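Engineer: Please see the structure below; I have some questions.
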Amino acid sequence: MSAPVEKRIGKFVSNLLKKKNPDEFLEQSAKGGLKKTLNAFDLIILGISAIIGAGIFVMIGSAVIGTTERVGAGPALVISIFLVAIACIFPALCYAEFASMIPVSGSAYIYTYATMGEFAAWMMGWVLMLEYAIGTIAVASSWSGYLIKFFEGFPFLPEIVKNPPVWLINDYQTAMSSGESIPHIFGIPICMNLPSMIIIMIISLVLLKGIKESANFAKIMVLVKIIVIALFICVGAFYVKPENWTPFCPMGIKGILMGAFAMFYAYIGFDAISTAAEETKNPQKNLPIGLIGSLVVCSLIYCFVTVVLTGMLPMSQIDLKAPIAHAMSFVGQDWFAGAIAIGALAGLTSVLLVLQFGTTRILLAMARDGLLPSVMKEIHPKFQTPWVITILSTILMLIGSLFINMQVAAELAIFGTFTSFVIVCIGILILRKTEPNRERPFKVPCCPWFPIIGIIFCSGLMIVALREVKTSAMLFPLWVVIGVVIYFLYGYQNNKKDVDIKIIKNEEKSKITKMS
């Protein structure tokens, strides 16, 4: 191999592995213009907003009884939740250490850039987009279903509102497979989940207004859903029959593991707390509290709900679409179904808020680094929010909601979460080795063992799930390949130009200095 070829290959590899010092991110964020308004309580509320929602009101049913592609855990789902909490606590500690050292927007994307280089950072950002943006579409679809259930309780409403046509409340695939007649324009079938598109747009307007306003909105939503969940636990406890817990583990260890995989959907977005680092007061102290506090509180709530739900009715009677509401109707408490619908709408709305917030902050970090067009890093002069990114990401989510099946979207988002957790744990191990003397306001205890345990738990659950969920198991690698292609077509080329320009400028400066 000739020397010029070797030099080009060496330069190519060095560009891929090019890292950013954490101090560069801190300096960059200081010029970013985002307001620091959040405290520890605000962060815990954001965490609860992300975790308490789709898991309880949607996924818990399929986690108990299973789907066509995966088995359920049965009453042993409480063990699955315990496994998920364990699998999450170790990455949460790693997130806390990173966030206390590098309190800027971008979450795992930033942490990967600081430890593994540009290419790995791009892929991390691409996977996080899958986790947050695709997760938003899945949650918005669930929100739409609960809205229709809520309308069904009002007999005076028009029939089209209580029972809208299938093409108006479903994605393209679901509507086309329903067998009902679908309207066509110029031969093209028209299908849309209109309620989900509307709520995505409303949330984007709230986020455009400002992070503090978004946090206040989240507090209201969290209060409503916590009241509803507390009522369900207290009222439902009187209808628990221990015989419904038998058999406790009908599908064995496989059922418990697949139940854990399904319930990971509930924890999608809890790491979005770290994306709020740049807008947090005293992030070195408040971010670890927000991350770990919300995780512990929400895991306990999930355990209580699971025990009550599986004890109220036989496993075969649990409803997939609205498990909590159906359980109350099963024991004759129909009056509570409306309250459950309100709680579900509030819970899912708060999840949407956090997921869309996380999407915009990660894209902002990528735009700042030149991996996305520079126009996307513009901050609104009045609201001090990334308005261009918010609008563009909303448009992409609206388009995606037309085509992506909710169940597949949920599973893809889970795979994205697993991947980000594993990489963050690896990143802590790398940074402990490369920068052992860097100040760490919060440290992962028992390092390297805790990060290694996090890697083993998350990787193990992902490998088990890949054998079961065939559709998303094929689409996830496809998403990764698309990310690689986009990076080399735009991100690598754009950043390479920026590096070359900086080199030329530095050379010109040094020449001027020598001449003077």
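Chain labels follow the order of the structure tokens: the first chain is A, the next B, and so on; residue numbering restarts at 1 in every chain, and ligands are counted from 1 in their shown order.
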Quick one: pick out all alpha helix (DSSP H) residues within region 88-336 of chain A from a backbone DSSP run and write them as a PyMOL selection string.
Structural biologist: chain A and resi 88-101+108-116+118-129+135-152+159-162+172-176+194-209+211-236+252-263+272-275+283-312+323-330+335-336
Engineer: Kindly save the residues from that selection, with C-alpha atoms included, as a short mmCIF file (atom, residue, chain, number, x, y, z; two decimals), in the first residue's frame.
Structural biologist:
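Below is the file selection20.cif, written as the result:
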data_model
loop_
_atom_site.label_atom_id
_atom_site.label_comp_id
_atom_site.auth_asym_id
_atom_site.auth_seq_id
_atom_site.Cartn_x
_atom_site.Cartn_y
_atom_site.Cartn_z
CA CYS A 88 -32.30 0.49 34.60
CA ILE A 89 -30.68 1.47 37.91
CA PHE A 90 -27.13 0.75 36.72
CA PRO A 91 -27.45 2.81 33.50
CA ALA A 92 -29.22 5.50 35.57
CA LEU A 93 -26.16 5.76 37.83
CA CYS A 94 -23.96 6.05 34.73
CA TYR A 95 -26.22 8.75 33.29
CA ALA A 96 -26.01 10.59 36.61
CA GLU A 97 -22.19 10.58 36.58
CA PHE A 98 -22.05 11.79 32.99
CA ALA A 99 -24.74 14.44 33.51
CA SER A 100 -22.99 15.83 36.60
CA MET A 101 -19.70 16.11 34.64
CA ALA A 108 -26.09 9.84 25.61
CA TYR A 109 -25.10 11.42 22.29
CA ILE A 110 -22.80 13.88 24.06
CA TYR A 111 -21.41 11.22 26.39
CA THR A 112 -20.59 8.97 23.42
CA TYR A 113 -18.87 11.82 21.58
CA ALA A 114 -16.65 12.46 24.60
CA THR A 115 -15.62 8.80 24.94
CA MET A 116 -15.88 6.99 21.59
CA GLU A 118 -17.73 11.21 16.15
CA PHE A 119 -19.04 8.18 14.28
CA ALA A 120 -20.16 6.37 17.44
CA ALA A 121 -21.77 9.63 18.62
CA TRP A 122 -23.71 9.99 15.37
CA MET A 123 -24.97 6.41 15.63
CA MET A 124 -25.94 7.02 19.27
CA GLY A 125 -27.87 10.12 18.26
CA TRP A 126 -29.52 8.17 15.44
CA VAL A 127 -30.59 5.42 17.86
CA LEU A 128 -31.88 8.01 20.34
CA MET A 129 -33.99 9.52 17.57
CA GLY A 135 -41.66 6.28 20.78
CA THR A 136 -43.64 9.51 20.41
CA ILE A 137 -45.60 8.05 17.49
CA ALA A 138 -46.41 4.89 19.47
CA VAL A 139 -47.56 6.81 22.55
CA ALA A 140 -49.60 9.25 20.44
CA SER A 141 -51.40 6.27 18.89
CA SER A 142 -52.29 4.99 22.38
CA TRP A 143 -53.43 8.49 23.37
CA SER A 144 -55.76 8.49 20.39
CA GLY A 145 -57.35 5.20 21.46
CA TYR A 146 -58.03 6.44 25.00
CA LEU A 147 -59.51 9.69 23.67
CA ILE A 148 -62.09 7.73 21.67
CA LYS A 149 -62.88 5.60 24.75
CA PHE A 150 -63.37 8.82 26.72
CA PHE A 151 -65.78 10.17 24.09
CA GLU A 152 -67.79 6.93 24.22
CA GLU A 159 -71.70 9.24 16.39
CA ILE A 160 -68.72 10.17 14.21
CA VAL A 161 -66.92 11.40 17.37
CA LYS A 162 -67.77 8.37 19.51
CA TYR A 172 -52.12 3.24 7.14
CA GLN A 173 -51.30 -0.45 7.75
CA THR A 174 -53.95 -0.95 10.43
CA ALA A 175 -56.65 0.88 8.48
CA MET A 176 -55.94 -0.99 5.23
CA LEU A 194 -56.06 12.39 13.32
CA PRO A 195 -56.22 12.60 17.16
CA SER A 196 -52.57 11.50 17.49
CA MET A 197 -51.49 14.10 14.92
CA ILE A 198 -53.36 16.82 16.78
CA ILE A 199 -51.81 16.00 20.18
CA ILE A 200 -48.30 15.90 18.65
CA MET A 201 -48.86 19.41 17.28
CA ILE A 202 -50.23 20.70 20.60
CA ILE A 203 -47.24 19.34 22.53
CA SER A 204 -44.84 20.95 20.04
CA LEU A 205 -46.51 24.34 20.66
CA VAL A 206 -46.08 23.90 24.43
CA LEU A 207 -42.38 23.08 23.91
CA LEU A 208 -41.92 26.11 21.66
CA LYS A 209 -43.21 28.32 24.46
CA ILE A 211 -39.08 24.55 29.16
CA LYS A 212 -40.44 26.03 32.39
CA GLU A 213 -43.91 26.25 30.89
CA SER A 214 -43.51 22.66 29.70
CA ALA A 215 -42.48 21.55 33.19
CA ASN A 216 -45.50 23.30 34.73
CA PHE A 217 -47.77 21.62 32.19
CA ALA A 218 -46.15 18.27 33.08
CA LYS A 219 -46.82 18.85 36.80
CA ILE A 220 -50.56 19.16 36.13
CA MET A 221 -50.59 16.01 34.00
CA VAL A 222 -48.56 14.07 36.60
CA LEU A 223 -50.90 15.13 39.42
CA VAL A 224 -53.96 13.93 37.50
CA LYS A 225 -52.53 10.54 36.59
CA ILE A 226 -51.07 9.90 40.07
CA ILE A 227 -54.49 10.58 41.64
CA VAL A 228 -56.16 8.17 39.18
CA ILE A 229 -53.53 5.45 39.71
CA ALA A 230 -53.75 5.83 43.50
CA LEU A 231 -57.54 5.45 43.28
CA PHE A 232 -57.15 2.33 41.14
CA ILE A 233 -54.76 0.75 43.65
CA CYS A 234 -56.92 1.65 46.67
CA VAL A 235 -60.28 0.68 45.12
CA GLY A 236 -58.98 -2.33 43.19
CA GLY A 252 -41.70 -19.83 33.08
CA ILE A 253 -38.51 -17.80 32.87
CA LYS A 254 -39.12 -17.02 29.19
CA GLY A 255 -42.39 -15.30 30.09
CA ILE A 256 -40.68 -13.26 32.81
CA LEU A 257 -37.93 -12.12 30.44
CA MET A 258 -40.36 -11.19 27.65
CA GLY A 259 -42.51 -9.39 30.22
CA ALA A 260 -39.42 -7.41 31.21
CA PHE A 261 -38.79 -6.59 27.54
CA ALA A 262 -42.36 -5.30 27.13
CA MET A 263 -42.21 -3.23 30.32
CA ALA A 272 -34.60 12.40 28.83
CA ILE A 273 -33.97 13.94 32.25
CA SER A 274 -30.31 14.14 31.29
CA THR A 275 -31.21 16.03 28.09
CA PRO A 283 -27.11 20.20 37.57
CA GLN A 284 -24.25 18.48 39.45
CA LYS A 285 -26.59 17.96 42.40
CA ASN A 286 -30.07 17.98 40.89
CA LEU A 287 -29.57 15.64 37.90
CA PRO A 288 -28.58 12.54 39.94
CA ILE A 289 -31.52 13.18 42.28
CA GLY A 290 -33.93 13.51 39.35
CA LEU A 291 -32.68 10.39 37.54
CA ILE A 292 -32.52 7.98 40.45
CA GLY A 293 -35.46 9.42 42.40
CA SER A 294 -37.92 9.13 39.50
CA LEU A 295 -36.74 5.60 38.70
CA VAL A 296 -37.29 4.32 42.25
CA VAL A 297 -40.69 6.01 42.70
CA CYS A 298 -42.05 4.80 39.36
CA SER A 299 -40.85 1.21 39.79
CA LEU A 300 -42.72 0.96 43.10
CA ILE A 301 -45.89 2.32 41.48
CA TYR A 302 -45.65 -0.24 38.66
CA CYS A 303 -45.27 -3.08 41.16
CA PHE A 304 -48.39 -2.04 43.09
CA VAL A 305 -50.47 -1.66 39.91
CA THR A 306 -49.34 -5.07 38.61
CA VAL A 307 -50.19 -6.87 41.86
CA VAL A 308 -53.67 -5.30 41.98
CA LEU A 309 -54.45 -5.76 38.27
CA THR A 310 -53.47 -9.44 38.13
CA GLY A 311 -55.34 -10.09 41.36
CA MET A 312 -58.60 -8.46 40.25
CA PRO A 323 -56.24 -3.10 30.87
CA ILE A 324 -56.82 -0.78 33.85
CA ALA A 325 -60.20 0.56 32.71
CA HIS A 326 -61.41 -2.91 31.73
CA ALA A 327 -60.39 -4.34 35.13
CA MET A 328 -62.62 -1.82 36.92
CA SER A 329 -65.53 -2.60 34.58
CA PHE A 330 -64.96 -6.34 35.20
CA TRP A 335 -68.11 4.70 36.98
CA PHE A 336 -64.36 4.48 37.29
#
Engineer: Ranking A:Leu363, A:Leu352, A:Trp449, A:Asp369 by minimum distance to Lys20 (chain A) and counting only C-alpha atoms, which one comes first?
Structural biologist: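 For Lys20 (chain A), the nearest of the candidates is A:Asp369.
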Engineer: Neighbours of Leu412 (chain A) within 10 Å (only C-alpha atoms; same-chain residues fewer than 2 positions away dropped), as a ChimeraX atom specification?
Structural biologist: /A:127,130-131,134-135,138,265,406-410,414-417,469,471-476,479
Engineer: I'd like the contact shell of Ile453 (chain A) - 10 Å cut-off, only C-alpha atoms, skipping same-chain residues fewer than 5 positions apart - returned as an MDAnalysis selection string.
Structural biologist: chainID A and resid 86:87 90:91 422 425 448 458:459
Engineer: What lies within 7 Å of region 61-65 of chain A using only C-alpha atoms, ignoring chain neighbours under 4 positions off, as a PyMOL selection string?
Structural biologist: chain A and resi 71-75+77+259+262-263+315+318-320+323
Engineer: Which residues come within 7 Å of region 102-104 of chain A, counting only C-alpha atoms, excluding same-chain residues fewer than 4 positions away, as a ChimeraX atom specification?
Structural biologist: /A:22,26,29,98,277-278,283
Engineer: Distance CA of Glu27 (chain A)-CA of Cys447 (chain A), one decimal place?
Structural biologist: 28.2 Å
Engineer: Would you compute the distance between CA of Thr359 (chain A) and CA of Pro451 (chain A)? Give it in Å to one decimal.
Structural biologist: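 Going from CA of Thr359 (chain A) over to CA of Pro451 (chain A) covers 25.2 Å.
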Engineer: Find, counting only C-alpha atoms, the residue in A:Ala276, A:Ile190, A:Ile395, A:Leu371 that gets nearest to Ala133 (chain A).
Structural biologist: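 So, comparing all the options, the nearest one is A:Ile395.
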Engineer: May I ask for the distance between CA of Pro165 (chain A) and CA of Val351 (chain A), given in Å to one decimal place?
Structural biologist: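 Computing the Euclidean distance for CA of Pro165 (chain A) and CA of Val351 (chain A) yields 26.6 Å.
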